[in-house]
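Below is one structure, written out as structure tokens, with a few remarks after it.
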Amino acid sequence: MKRRTVSLVAAILAVLPAALFAAPKFPIKPVEVVVGFAAGGGTHLAAELLTPEAAKYLGQPIQITCKPGAGGAIGATYVAAAKADGYTLLYATMSLPISLYMDSVDFKADDFVGLALASDVAPLLAVRADAPFNNAKEMRDWIAANPGKFSWSHPGVGSTLHVLGANMLFAMGVTKQVKEVPFKGTAEGISAVLGGHVTAVSSFPATVLEQVRAGKMKIIGVSSPKRIPELPDAPTFIEQGYKATLTSTRGIFAPRKTPKAVLEALDKAFAQIIQSEDFKQRAIKLGEPAVYADSATFDKMYREQLVMIEALLKELGLSK
Amino acid sequence: MNVLLESLNQFLSVPVLLGIAAGVVVGIIGGGMPGISPSMCIALLLPVSLYLPTPVAIGLMMGSYQGSMFGGSISAILINTPGTASAAATTLDGYQLALKGQSGKALKMALYASCSGGLIGTIILLAMAKPLSTVALKFGPPEYFSLMLLSLALISGISGKSLLKGLISALLGLLLATVGMDPIMGTRRFTFRNINLADGLQTLSVFIGVFALSELLSQLSQSRADLFRKADPLSVSDNELTFREFWEQKINILKSSIIGALIGVLPGIGGSTACFVSYAEAQRRSKHPERFGTGILEGVAAPEAANNAVAGGALVPLLTLGIPGDVVTAILVGALIAHGIKPGPLMFIEDIGTVYTIYIALFLAVVVLLAVGRVGIPVFAGVVKLRKATLIPMIFIICVVGTYANRSNIFDSMTMIVLGALGFILKKNKFPIAPLVISFVIGAQLEMSLRQSLILSDYSISIFLTRPISLVLIVGALVFSVFMVRRNRKLAAQA
């Protein structure tokens, strides 16, 4: 009996150091990245860019799970409530900070820590090519001269393009004179603009690029600090004298309570994945800019966005 | 012509044909499994397709598009569970045929109607893409609203014997459609602070709940002996589909395919509406409308032709305008872009080769679907040989997993169960189920376009009457409503 106890203690002592060493080893199973949008959509495709190199740099594959709904809030709720062990991460857009201030959600801003910036896209305002105005100033004058005639569309209340579009119109000082018509998606909105049912659409460049190239639509302004490479001829709002420079960022978030060592391992892996040549190639093919910021920088960006969006929504009259 | 031959040449290679075949098989399996929608099928194939040569990738996707549209009918017919939203209308008669021991016949009708529909849809795409896209752009919010109103009027014909009970059921469907975020103001309605209801009840949960689960509950109320009895061996002759039976449906299939393709052209409406509308139209034109819903081939042919024709239609705005016509084509856009192809208004001018590639892929997908379906049907039909005591728990698991898989969200399975109970209570009290489901499907679009129109018109209803297309559709809706009420009165008087 005694001998047994001794050998048991010895066994435990022998295993213990191994167990202690084993503890910080991460990851030992696939990492799930939750996308709060429908499978096959733009956000899902952008998240899929992460998967091919994951095993190489992270040591384990990344599994993308789509939990669509409530403008991404269902996915965010799921990750906020998941075990903070680094195996459940969130791939989120700007709708994360937006939902915190526009919607009643069951997660808090502090539930997440930014891990890596993976994409940064500038929104724009586009109209039909034969619209009687060509730039922001002419549009403003036209709206003033034709009250109740201007309408614009966005893909749903609380969507990133809704807030960013509202911000562009706010910067031009026309919020009160325009009609807002939400559609189910940007495609429906563009179709309504082409058909002449709605005047303008708040969109990302990729969706209207071909329409512009075909001469069916024109860009009134881009909300970005400087002109974007896809549309070098399209002026920004800021160069036309209107203060709309807000872009839409996408990136990976982890629950804030995740152990530090795990966060560091993930930070390092995502740095390698997103900055790899293969990732860049695939991103460009998909029309995504190849941008990156590490955890410290991205988390700071997230914090700044929270403050900015809270103030913006209040100003736009959209906060809850 | 040269380009066409070149594109055709690309297809006469083994990898491309294999790609199409693989797509069709994956599509049939995915479509047959509730929860894996056609769009999810394509989304799942997307990462793979990025590593394939462009024609193979396009073949794979077109194959799975056509395959999944047919696949949905398999579970709809055999277990009353629509595998895809577009197959919901197929359950109405398809499952009744299966109950009569004619599942093989129903599946074959579905397959041939699907292939014919796919073919007609492709021909419409080929011949009329340009003019159709011009018409599609003329449809603004008021036209969408009037079209939905017309659909609702047409579909009211499916309401069954009692007009009152049909109306109650339809109103219940409209009520269910109001759950979720207000499409214009963004406020939450009937969500009880549950974020999972923010986007409303999931269509799949409604379909599977009220169709499949309510049927399972009804079957459970049978005697023990019935549940454990071995299914009757089916007589082969009765389970075959003769050419004559198929040929009798030619007008029905043609008309349903046209309806499917035309509704497919309009961005955002979707396959299930197209199927219900063509089902209702088939019933309206039928010599024996009262037999619809009791298990007749017309009721299978119409929706199945329509949903495959939707594919051709949905590609019209994509190829001519660069605007995806439905969720599947939206995903296709992503895939094409990743292959360096830019869908847009210039595609016909700059990249006609790709346009032909898509046409040919769609066409070959139909041919492959025919072959794969022929081989597969006897295998699928084996399901009905199982005893109910074995089958019912299996279907229940499929219902739960299917509704979960849709959004990876268990909440959707729970709503399915609640809706199943609702469907069971309605059925027990002789309320027809179809109007509920249909008005649920149409309700959201109806509300959205009504309110969009009213914003544009400063809340004046004249917008619906001053625009010619809208006016014609509204008059049509009124005429059909009067017609339906009168026919219903007549039927009631006969009974």
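Naming works like this for the structure tokens: A, B, ... for the chains as they're shown, residue 1 at the start of each chain, ligands 1 onward in shown order.
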Residue hits in chain A, query chain B, radius 7 Å, only C-alpha atoms, as a PDB file with N, CA and C atoms, in the first residue's frame:
ATOM      1  N   ALA A  39     -22.286  32.837 -45.286  1.00  0.00           N
ATOM      2  CA  ALA A  39     -21.273  32.113 -46.045  1.00  0.00           C
ATOM      3  C   ALA A  39     -21.295  32.580 -47.494  1.00  0.00           C
ATOM      4  N   GLY A  40     -20.112  32.825 -48.060  1.00  0.00           N
ATOM      5  CA  GLY A  40     -20.030  33.228 -49.452  1.00  0.00           C
ATOM      6  C   GLY A  40     -20.047  34.728 -49.656  1.00  0.00           C
ATOM      7  N   GLY A  41     -20.375  35.486 -48.610  1.00  0.00           N
ATOM      8  CA  GLY A  41     -20.386  36.939 -48.721  1.00  0.00           C
ATOM      9  C   GLY A  41     -18.978  37.512 -48.651  1.00  0.00           C
ATOM     10  N   CYS A  66     -19.402  30.432 -40.123  1.00  0.00           N
ATOM     11  CA  CYS A  66     -20.267  31.589 -40.342  1.00  0.00           C
ATOM     12  C   CYS A  66     -21.467  31.510 -39.414  1.00  0.00           C
ATOM     13  N   LYS A  67     -21.594  32.518 -38.561  1.00  0.00           N
ATOM     14  CA  LYS A  67     -22.791  32.629 -37.730  1.00  0.00           C
ATOM     15  C   LYS A  67     -23.452  33.955 -38.055  1.00  0.00           C
ATOM     16  N   PRO A  68     -24.169  34.000 -39.184  1.00  0.00           N
ATOM     17  CA  PRO A  68     -24.695  35.282 -39.637  1.00  0.00           C
ATOM     18  C   PRO A  68     -25.891  35.751 -38.820  1.00  0.00           C
ATOM     19  N   GLY A  69     -26.158  37.035 -38.882  1.00  0.00           N
ATOM     20  CA  GLY A  69     -27.363  37.570 -38.270  1.00  0.00           C
ATOM     21  C   GLY A  69     -27.117  38.826 -37.477  1.00  0.00           C
ATOM     22  N   ALA A  70     -28.150  39.687 -37.419  1.00  0.00           N
ATOM     23  CA  ALA A  70     -28.120  40.921 -36.643  1.00  0.00           C
ATOM     24  C   ALA A  70     -26.876  41.745 -36.960  1.00  0.00           C
ATOM     25  N   ILE A  74     -24.645  38.452 -33.824  1.00  0.00           N
ATOM     26  CA  ILE A  74     -24.836  37.086 -33.310  1.00  0.00           C
ATOM     27  C   ILE A  74     -23.478  36.393 -33.180  1.00  0.00           C
ATOM     28  N   VAL A 157     -30.308  48.978 -42.085  1.00  0.00           N
ATOM     29  CA  VAL A 157     -30.081  49.841 -40.931  1.00  0.00           C
ATOM     30  C   VAL A 157     -28.983  49.254 -40.041  1.00  0.00           C
ATOM     31  N   VAL A 181     -33.348  55.250 -48.243  1.00  0.00           N
ATOM     32  CA  VAL A 181     -34.104  54.044 -48.615  1.00  0.00           C
ATOM     33  C   VAL A 181     -33.234  52.800 -48.425  1.00  0.00           C
ATOM     34  N   PRO A 182     -33.441  52.062 -47.336  1.00  0.00           N
ATOM     35  CA  PRO A 182     -32.634  50.849 -47.145  1.00  0.00           C
ATOM     36  C   PRO A 182     -33.045  49.758 -48.131  1.00  0.00           C
ATOM     37  N   ALA A 187     -26.238  45.143 -53.986  1.00  0.00           N
ATOM     38  CA  ALA A 187     -26.595  44.810 -55.361  1.00  0.00           C
ATOM     39  C   ALA A 187     -27.971  45.370 -55.714  1.00  0.00           C
ATOM     40  N   GLU A 188     -28.951  45.182 -54.819  1.00  0.00           N
ATOM     41  CA  GLU A 188     -30.297  45.710 -55.045  1.00  0.00           C
ATOM     42  C   GLU A 188     -30.268  47.231 -55.121  1.00  0.00           C
ATOM     43  N   SER A 191     -28.845  48.309 -58.466  1.00  0.00           N
ATOM     44  CA  SER A 191     -29.866  48.087 -59.481  1.00  0.00           C
ATOM     45  C   SER A 191     -30.913  49.207 -59.441  1.00  0.00           C
ATOM     46  N   ALA A 192     -31.279  49.662 -58.252  1.00  0.00           N
ATOM     47  CA  ALA A 192     -32.261  50.748 -58.122  1.00  0.00           C
ATOM     48  C   ALA A 192     -31.690  52.070 -58.632  1.00  0.00           C
ATOM     49  N   LEU A 194     -29.319  52.292 -61.032  1.00  0.00           N
ATOM     50  CA  LEU A 194     -29.246  52.145 -62.492  1.00  0.00           C
ATOM     51  C   LEU A 194     -30.627  52.325 -63.121  1.00  0.00           C
ATOM     52  N   GLY A 195     -31.656  51.873 -62.432  1.00  0.00           N
ATOM     53  CA  GLY A 195     -33.014  51.989 -62.949  1.00  0.00           C
ATOM     54  C   GLY A 195     -33.622  53.362 -62.717  1.00  0.00           C
ATOM     55  N   HIS A 197     -34.537  54.654 -59.816  1.00  0.00           N
ATOM     56  CA  HIS A 197     -35.517  54.701 -58.739  1.00  0.00           C
ATOM     57  C   HIS A 197     -34.973  55.413 -57.512  1.00  0.00           C
ATOM     58  N   GLU A 210     -16.976  48.102 -61.857  1.00  0.00           N
ATOM     59  CA  GLU A 210     -17.291  47.768 -63.244  1.00  0.00           C
ATOM     60  C   GLU A 210     -18.345  48.711 -63.817  1.00  0.00           C
ATOM     61  N   GLN A 211     -19.277  49.145 -62.979  1.00  0.00           N
ATOM     62  CA  GLN A 211     -20.309  50.085 -63.449  1.00  0.00           C
ATOM     63  C   GLN A 211     -19.657  51.393 -63.857  1.00  0.00           C
ATOM     64  N   ALA A 214     -17.773  50.986 -67.081  1.00  0.00           N
ATOM     65  CA  ALA A 214     -18.665  50.873 -68.233  1.00  0.00           C
ATOM     66  C   ALA A 214     -19.379  52.184 -68.519  1.00  0.00           C
ATOM     67  N   LYS A 285      -6.221  39.546 -55.643  1.00  0.00           N
ATOM     68  CA  LYS A 285      -7.119  38.877 -56.589  1.00  0.00           C
ATOM     69  C   LYS A 285      -8.586  39.082 -56.206  1.00  0.00           C
ATOM     70  N   LEU A 286      -8.837  39.094 -54.926  1.00  0.00           N
ATOM     71  CA  LEU A 286     -10.211  39.219 -54.437  1.00  0.00           C
ATOM     72  C   LEU A 286     -10.640  40.688 -54.371  1.00  0.00           C
TER      73      LEU A 286
END
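Among A:Ala265, A:Val163, A:Leu318, A:Leu231, the residue with the shortest atom-to-atom distance to Asp103 (chain A), counting only C-alpha atoms, is A:Leu318.
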### Task
From region 117-311 of chain B, collect each residue whose DSSP state is helix (DSSP H, G or I) and return the set as an MDAnalysis selection string.
chainID B and resid 117:138 141:159 163:177 195:197 203:220 224:228 236:239 243:247 250:265 271:285 289:291 298:311
### Query
Counting only C-alpha atoms, what is within 6 Å of region 298-308 of chain B, bar same-chain residues fewer than 4 positions away, as a list in words?
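Near neighbours after the sequence-gap exclusion: Met69, Thr90, Asp93, Gly94, Ala110, Ala113, Ser114, Gly117, Gly118, Ile253, Ser256, Ser257, Gly260, Gly271, Cys275, Ser278 and Tyr279 of chain B.
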Deliver the residues from the most recent selection as a file, using all heavy atoms, as an mmCIF file, in the first residue's frame.
data_model
loop_
_atom_site.group_PDB
_atom_site.id
_atom_site.type_symbol
_atom_site.label_atom_id
_atom_site.label_comp_id
_atom_site.auth_asym_id
_atom_site.auth_seq_id
_atom_site.Cartn_x
_atom_site.Cartn_y
_atom_site.Cartn_z
ATOM 1 N N MET B 69 -30.691 22.571 -56.947
ATOM 2 C CA MET B 69 -32.082 22.932 -57.191
ATOM 3 C C MET B 69 -32.948 21.677 -57.340
ATOM 4 O O MET B 69 -34.088 21.643 -56.891
ATOM 5 C CB MET B 69 -32.189 23.796 -58.451
ATOM 6 C CG MET B 69 -31.792 25.237 -58.225
ATOM 7 S SD MET B 69 -32.815 26.026 -56.974
ATOM 8 C CE MET B 69 -32.388 27.733 -57.177
ATOM 9 N N THR B 90 -42.662 21.951 -53.617
ATOM 10 C CA THR B 90 -42.663 20.569 -54.090
ATOM 11 C C THR B 90 -43.243 19.608 -53.054
ATOM 12 O O THR B 90 -43.763 18.550 -53.390
ATOM 13 C CB THR B 90 -41.228 20.154 -54.464
ATOM 14 O OG1 THR B 90 -40.663 21.177 -55.270
ATOM 15 C CG2 THR B 90 -41.187 18.842 -55.209
ATOM 16 N N ASP B 93 -47.397 18.422 -53.267
ATOM 17 C CA ASP B 93 -47.882 17.232 -53.964
ATOM 18 C C ASP B 93 -46.885 16.084 -53.958
ATOM 19 O O ASP B 93 -47.271 14.923 -53.985
ATOM 20 C CB ASP B 93 -48.252 17.595 -55.411
ATOM 21 C CG ASP B 93 -49.674 18.111 -55.502
ATOM 22 O OD1 ASP B 93 -50.593 17.287 -55.478
ATOM 23 O OD2 ASP B 93 -49.835 19.342 -55.531
ATOM 24 N N GLY B 94 -45.592 16.431 -53.912
ATOM 25 C CA GLY B 94 -44.568 15.396 -53.975
ATOM 26 C C GLY B 94 -44.682 14.404 -52.835
ATOM 27 O O GLY B 94 -44.645 13.177 -53.037
ATOM 28 N N ALA B 110 -39.849 15.085 -60.969
ATOM 29 C CA ALA B 110 -39.066 16.220 -60.478
ATOM 30 C C ALA B 110 -37.784 16.362 -61.296
ATOM 31 O O ALA B 110 -37.389 17.463 -61.678
ATOM 32 C CB ALA B 110 -38.732 16.043 -59.000
ATOM 33 N N ALA B 113 -38.628 17.499 -64.896
ATOM 34 C CA ALA B 113 -39.088 18.885 -64.868
ATOM 35 C C ALA B 113 -37.906 19.810 -64.561
ATOM 36 O O ALA B 113 -37.769 20.872 -65.165
ATOM 37 C CB ALA B 113 -40.181 19.063 -63.822
ATOM 38 N N SER B 114 -37.034 19.384 -63.634
ATOM 39 C CA SER B 114 -35.860 20.191 -63.282
ATOM 40 C C SER B 114 -34.981 20.387 -64.505
ATOM 41 O O SER B 114 -34.533 21.498 -64.787
ATOM 42 C CB SER B 114 -35.040 19.517 -62.193
ATOM 43 O OG SER B 114 -35.710 19.575 -60.970
ATOM 44 N N GLY B 117 -36.679 22.579 -66.999
ATOM 45 C CA GLY B 117 -36.649 23.951 -66.493
ATOM 46 C C GLY B 117 -35.271 24.564 -66.644
ATOM 47 O O GLY B 117 -35.132 25.703 -67.079
ATOM 48 N N GLY B 118 -34.248 23.777 -66.289
ATOM 49 C CA GLY B 118 -32.880 24.270 -66.418
ATOM 50 C C GLY B 118 -32.562 24.629 -67.858
ATOM 51 O O GLY B 118 -31.940 25.661 -68.137
ATOM 52 N N ILE B 253 -44.830 22.715 -67.706
ATOM 53 C CA ILE B 253 -43.390 22.883 -67.482
ATOM 54 C C ILE B 253 -42.873 24.130 -68.185
ATOM 55 O O ILE B 253 -42.127 24.918 -67.607
ATOM 56 C CB ILE B 253 -42.625 21.626 -67.963
ATOM 57 C CG1 ILE B 253 -42.855 20.478 -66.980
ATOM 58 C CG2 ILE B 253 -41.129 21.909 -68.103
ATOM 59 C CD1 ILE B 253 -42.231 19.166 -67.371
ATOM 60 N N SER B 256 -44.170 27.185 -66.284
ATOM 61 C CA SER B 256 -43.497 27.312 -64.986
ATOM 62 C C SER B 256 -42.063 27.753 -65.160
ATOM 63 O O SER B 256 -41.542 28.559 -64.372
ATOM 64 C CB SER B 256 -43.528 25.981 -64.243
ATOM 65 O OG SER B 256 -44.852 25.556 -64.086
ATOM 66 N N SER B 257 -41.395 27.231 -66.202
ATOM 67 C CA SER B 257 -40.006 27.613 -66.432
ATOM 68 C C SER B 257 -39.916 29.096 -66.765
ATOM 69 O O SER B 257 -39.014 29.791 -66.288
ATOM 70 C CB SER B 257 -39.404 26.827 -67.596
ATOM 71 O OG SER B 257 -39.540 25.454 -67.364
ATOM 72 N N GLY B 260 -40.400 30.987 -63.630
ATOM 73 C CA GLY B 260 -39.191 30.875 -62.812
ATOM 74 C C GLY B 260 -38.086 31.778 -63.328
ATOM 75 O O GLY B 260 -37.467 32.517 -62.568
ATOM 76 N N GLY B 271 -36.017 31.922 -55.295
ATOM 77 C CA GLY B 271 -36.610 30.731 -55.866
ATOM 78 C C GLY B 271 -37.922 30.313 -55.252
ATOM 79 O O GLY B 271 -38.825 29.865 -55.969
ATOM 80 N N CYS B 275 -41.437 29.374 -57.233
ATOM 81 C CA CYS B 275 -42.037 28.046 -57.221
ATOM 82 C C CYS B 275 -43.493 28.081 -56.784
ATOM 83 O O CYS B 275 -44.336 27.407 -57.374
ATOM 84 C CB CYS B 275 -41.251 27.127 -56.293
ATOM 85 S SG CYS B 275 -39.598 26.911 -56.894
ATOM 86 N N SER B 278 -45.577 29.553 -59.633
ATOM 87 C CA SER B 278 -45.837 28.656 -60.755
ATOM 88 C C SER B 278 -46.750 27.510 -60.335
ATOM 89 O O SER B 278 -47.571 27.041 -61.126
ATOM 90 C CB SER B 278 -44.528 28.128 -61.344
ATOM 91 O OG SER B 278 -43.769 27.518 -60.359
ATOM 92 N N TYR B 279 -46.643 27.088 -59.098
ATOM 93 C CA TYR B 279 -47.568 26.065 -58.578
ATOM 94 C C TYR B 279 -48.993 26.595 -58.615
ATOM 95 O O TYR B 279 -49.917 25.926 -59.089
ATOM 96 C CB TYR B 279 -47.167 25.709 -57.145
ATOM 97 C CG TYR B 279 -48.027 24.645 -56.494
ATOM 98 C CD1 TYR B 279 -47.670 23.300 -56.587
ATOM 99 C CD2 TYR B 279 -49.170 24.975 -55.780
ATOM 100 C CE1 TYR B 279 -48.449 22.322 -55.989
ATOM 101 C CE2 TYR B 279 -49.953 24.005 -55.179
ATOM 102 C CZ TYR B 279 -49.588 22.672 -55.279
ATOM 103 O OH TYR B 279 -50.356 21.702 -54.686
#
